[in-house]
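Notes to accompany the following structure.
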Amino acid sequence: MDAAKAIMTTDTFPRFATATAKLGKSTVTINGMAKGAGHDRTRHATMLSFIFTDAPIGARALQALLTTAWPTPSMP
């Protein structure tokens with residue numbers, strides 16, 4: 001919660017989520033936080049998001065999961 005509050009600028013509340021899951025015989029934790037920043041022009045905005053986990057998953061596997069879950073949208 002402290003980290004989510006620390007990255008706030010014009011946000012009105014911290015944006016975060018946490019979950020636990022069984023992975024084999026272990027329980028792992030996944031935490032996420034994000035902040036948005038609107039801009040004056042239509043379809044121009046930025047978002048920073050961070051995901052943290054203690055799961056023993058390699059970087060390639062995590063990237064594949066993220067790419068599948070949130071594919072990069074094409075710009076018109």
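Residues in the structure tokens are named by chain (A, B, ... in the order shown) and by number from 1 within that chain; ligands are numbered from 1 in the order shown.
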**Request:** From the DSSP assignment of the backbone, select every residue of chain A that is helix (DSSP H, G or I), and format the answer as a list in words.
**Result:**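 Filtering chain A down to helix (DSSP H, G or I) leaves Asp2, Ala3, Ala4, Lys5, Ala6, Ala59, Arg60, Ala61, Leu62, Gln63, Ala64, Leu65, Leu66, Thr67, Thr68 and Ala69 of chain A.
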Keeping only all heavy atoms, take the residues you just selected and write them out as an mmCIF file, in the first residue's frame.
data_model
loop_
_atom_site.group_PDB
_atom_site.id
_atom_site.type_symbol
_atom_site.label_atom_id
_atom_site.label_comp_id
_atom_site.auth_asym_id
_atom_site.auth_seq_id
_atom_site.Cartn_x
_atom_site.Cartn_y
_atom_site.Cartn_z
ATOM 1 N N ASP A 2 1.963 1.226 0.776
ATOM 2 C CA ASP A 2 2.849 2.399 0.821
ATOM 3 C C ASP A 2 3.426 2.706 -0.555
ATOM 4 O O ASP A 2 3.492 3.865 -0.964
ATOM 5 C CB ASP A 2 3.984 2.193 1.823
ATOM 6 C CG ASP A 2 3.509 2.216 3.262
ATOM 7 O OD1 ASP A 2 2.398 2.723 3.519
ATOM 8 O OD2 ASP A 2 4.255 1.734 4.123
ATOM 9 N N ALA A 3 3.839 1.672 -1.283
ATOM 10 C CA ALA A 3 4.411 1.888 -2.621
ATOM 11 C C ALA A 3 3.358 2.424 -3.584
ATOM 12 O O ALA A 3 3.635 3.324 -4.382
ATOM 13 C CB ALA A 3 5.009 0.595 -3.154
ATOM 14 N N ALA A 4 2.142 1.894 -3.520
ATOM 15 C CA ALA A 4 1.066 2.370 -4.393
ATOM 16 C C ALA A 4 0.743 3.830 -4.109
ATOM 17 O O ALA A 4 0.494 4.615 -5.022
ATOM 18 C CB ALA A 4 -0.179 1.498 -4.227
ATOM 19 N N LYS A 5 0.765 4.218 -2.849
ATOM 20 C CA LYS A 5 0.539 5.620 -2.496
ATOM 21 C C LYS A 5 1.700 6.499 -2.948
ATOM 22 O O LYS A 5 1.506 7.636 -3.370
ATOM 23 C CB LYS A 5 0.347 5.766 -0.988
ATOM 24 C CG LYS A 5 -0.986 5.250 -0.495
ATOM 25 C CD LYS A 5 -1.112 5.427 1.011
ATOM 26 C CE LYS A 5 -2.433 4.911 1.513
ATOM 27 N NZ LYS A 5 -2.552 5.039 2.977
ATOM 28 N N ALA A 6 2.922 5.959 -2.881
ATOM 29 C CA ALA A 6 4.107 6.746 -3.218
ATOM 30 C C ALA A 6 4.162 7.132 -4.689
ATOM 31 O O ALA A 6 4.714 8.183 -5.027
ATOM 32 C CB ALA A 6 5.371 5.981 -2.836
ATOM 33 N N ALA A 59 11.794 -15.169 -16.264
ATOM 34 C CA ALA A 59 11.401 -13.941 -16.958
ATOM 35 C C ALA A 59 10.695 -14.229 -18.281
ATOM 36 O O ALA A 59 9.716 -13.564 -18.629
ATOM 37 C CB ALA A 59 12.619 -13.055 -17.186
ATOM 38 N N ARG A 60 11.178 -15.207 -19.042
ATOM 39 C CA ARG A 60 10.540 -15.520 -20.334
ATOM 40 C C ARG A 60 9.102 -15.998 -20.149
ATOM 41 O O ARG A 60 8.207 -15.619 -20.900
ATOM 42 C CB ARG A 60 11.335 -16.570 -21.087
ATOM 43 C CG ARG A 60 12.592 -16.027 -21.692
ATOM 44 C CD ARG A 60 13.274 -17.092 -22.507
ATOM 45 N NE ARG A 60 14.565 -16.622 -22.948
ATOM 46 C CZ ARG A 60 15.108 -16.951 -24.088
ATOM 47 N NH1 ARG A 60 14.480 -17.777 -24.904
ATOM 48 N NH2 ARG A 60 16.282 -16.475 -24.422
ATOM 49 N N ALA A 61 8.887 -16.848 -19.155
ATOM 50 C CA ALA A 61 7.537 -17.348 -18.904
ATOM 51 C C ALA A 61 6.618 -16.214 -18.460
ATOM 52 O O ALA A 61 5.466 -16.123 -18.904
ATOM 53 C CB ALA A 61 7.568 -18.457 -17.855
ATOM 54 N N LEU A 62 7.104 -15.336 -17.591
ATOM 55 C CA LEU A 62 6.291 -14.201 -17.145
ATOM 56 C C LEU A 62 5.958 -13.278 -18.315
ATOM 57 O O LEU A 62 4.820 -12.811 -18.450
ATOM 58 C CB LEU A 62 7.016 -13.412 -16.049
ATOM 59 C CG LEU A 62 7.061 -14.079 -14.687
ATOM 60 C CD1 LEU A 62 7.951 -13.267 -13.743
ATOM 61 C CD2 LEU A 62 5.677 -14.240 -14.103
ATOM 62 N N GLN A 63 6.928 -13.002 -19.182
ATOM 63 C CA GLN A 63 6.674 -12.141 -20.340
ATOM 64 C C GLN A 63 5.629 -12.765 -21.253
ATOM 65 O O GLN A 63 4.740 -12.078 -21.762
ATOM 66 C CB GLN A 63 7.960 -11.866 -21.115
ATOM 67 C CG GLN A 63 7.774 -10.868 -22.248
ATOM 68 C CD GLN A 63 7.309 -9.507 -21.739
ATOM 69 O OE1 GLN A 63 7.945 -8.915 -20.894
ATOM 70 N NE2 GLN A 63 6.193 -9.027 -22.263
ATOM 71 N N ALA A 64 5.715 -14.075 -21.465
ATOM 72 C CA ALA A 64 4.729 -14.757 -22.304
ATOM 73 C C ALA A 64 3.327 -14.651 -21.700
ATOM 74 O O ALA A 64 2.348 -14.419 -22.420
ATOM 75 C CB ALA A 64 5.122 -16.222 -22.488
ATOM 76 N N LEU A 65 3.223 -14.801 -20.380
ATOM 77 C CA LEU A 65 1.921 -14.666 -19.720
ATOM 78 C C LEU A 65 1.361 -13.261 -19.870
ATOM 79 O O LEU A 65 0.179 -13.075 -20.170
ATOM 80 C CB LEU A 65 2.043 -15.021 -18.237
ATOM 81 C CG LEU A 65 2.273 -16.491 -17.914
ATOM 82 C CD1 LEU A 65 2.644 -16.657 -16.446
ATOM 83 C CD2 LEU A 65 1.048 -17.311 -18.250
ATOM 84 N N LEU A 66 2.206 -12.259 -19.669
ATOM 85 C CA LEU A 66 1.744 -10.871 -19.786
ATOM 86 C C LEU A 66 1.339 -10.536 -21.210
ATOM 87 O O LEU A 66 0.330 -9.872 -21.450
ATOM 88 C CB LEU A 66 2.833 -9.903 -19.314
ATOM 89 C CG LEU A 66 3.071 -9.871 -17.811
ATOM 90 C CD1 LEU A 66 4.305 -9.033 -17.501
ATOM 91 C CD2 LEU A 66 1.857 -9.321 -17.094
ATOM 92 N N THR A 67 2.111 -10.988 -22.182
ATOM 93 C CA THR A 67 1.798 -10.705 -23.582
ATOM 94 C C THR A 67 0.483 -11.344 -23.987
ATOM 95 O O THR A 67 -0.302 -10.767 -24.728
ATOM 96 C CB THR A 67 2.943 -11.196 -24.480
ATOM 97 O OG1 THR A 67 4.148 -10.538 -24.080
ATOM 98 C CG2 THR A 67 2.678 -10.883 -25.940
ATOM 99 N N THR A 68 0.224 -12.541 -23.474
ATOM 100 C CA THR A 68 -1.029 -13.225 -23.774
ATOM 101 C C THR A 68 -2.204 -12.533 -23.095
ATOM 102 O O THR A 68 -3.263 -12.354 -23.691
ATOM 103 C CB THR A 68 -0.955 -14.695 -23.315
ATOM 104 O OG1 THR A 68 0.123 -15.325 -23.995
ATOM 105 C CG2 THR A 68 -2.246 -15.431 -23.604
ATOM 106 N N ALA A 69 -2.009 -12.106 -21.864
ATOM 107 C CA ALA A 69 -3.094 -11.483 -21.103
ATOM 108 C C ALA A 69 -3.413 -10.077 -21.597
ATOM 109 O O ALA A 69 -4.569 -9.667 -21.637
ATOM 110 C CB ALA A 69 -2.731 -11.443 -19.624
#
**Request:** Please provide the set of residues having any atom within 9 Å of Met47 (chain A), restricted to only C-alpha atoms, with same-chain residues fewer than 6 positions apart removed, written as an MDAnalysis selection string.
**Result:** chainID A and resid 34:38
**Request:** Extract, using only C-alpha atoms, all DNA, RNA and protein residues at most 12 Å from region 18-25 of chain A, discarding same-chain residues fewer than 3 positions from it, and format them as a PyMOL selection string.
**Result:** chain A and resi 1+4+15+28-33+50-57
Next, write the just-selected residues to a file, as a PDB file, in the first residue's frame, keeping C-alpha atoms as the atom set.
ATOM      1  CA  MET A   1       0.000   0.000   0.000  1.00  0.00           C
ATOM      2  CA  ALA A   4       1.066   2.370  -4.393  1.00  0.00           C
ATOM      3  CA  ARG A  15      -4.593   1.331  -7.421  1.00  0.00           C
ATOM      4  CA  VAL A  28       2.883 -17.714  -3.863  1.00  0.00           C
ATOM      5  CA  THR A  29       1.874 -14.068  -3.744  1.00  0.00           C
ATOM      6  CA  ILE A  30       1.311 -11.750  -6.704  1.00  0.00           C
ATOM      7  CA  ASN A  31       1.053  -8.002  -6.110  1.00  0.00           C
ATOM      8  CA  GLY A  32       0.276  -5.347  -8.693  1.00  0.00           C
ATOM      9  CA  MET A  33       0.001  -1.586  -8.653  1.00  0.00           C
ATOM     10  CA  PHE A  50       4.215  -2.967 -11.776  1.00  0.00           C
ATOM     11  CA  ILE A  51       3.808  -6.639 -10.911  1.00  0.00           C
ATOM     12  CA  PHE A  52       5.763  -8.336  -8.137  1.00  0.00           C
ATOM     13  CA  THR A  53       5.781 -11.993  -7.162  1.00  0.00           C
ATOM     14  CA  ASP A  54       7.712 -14.441  -5.078  1.00  0.00           C
ATOM     15  CA  ALA A  55       6.780 -17.245  -7.488  1.00  0.00           C
ATOM     16  CA  PRO A  56       9.768 -19.124  -8.919  1.00  0.00           C
ATOM     17  CA  ILE A  57       8.908 -18.307 -12.547  1.00  0.00           C
TER      18      ILE A  57
END
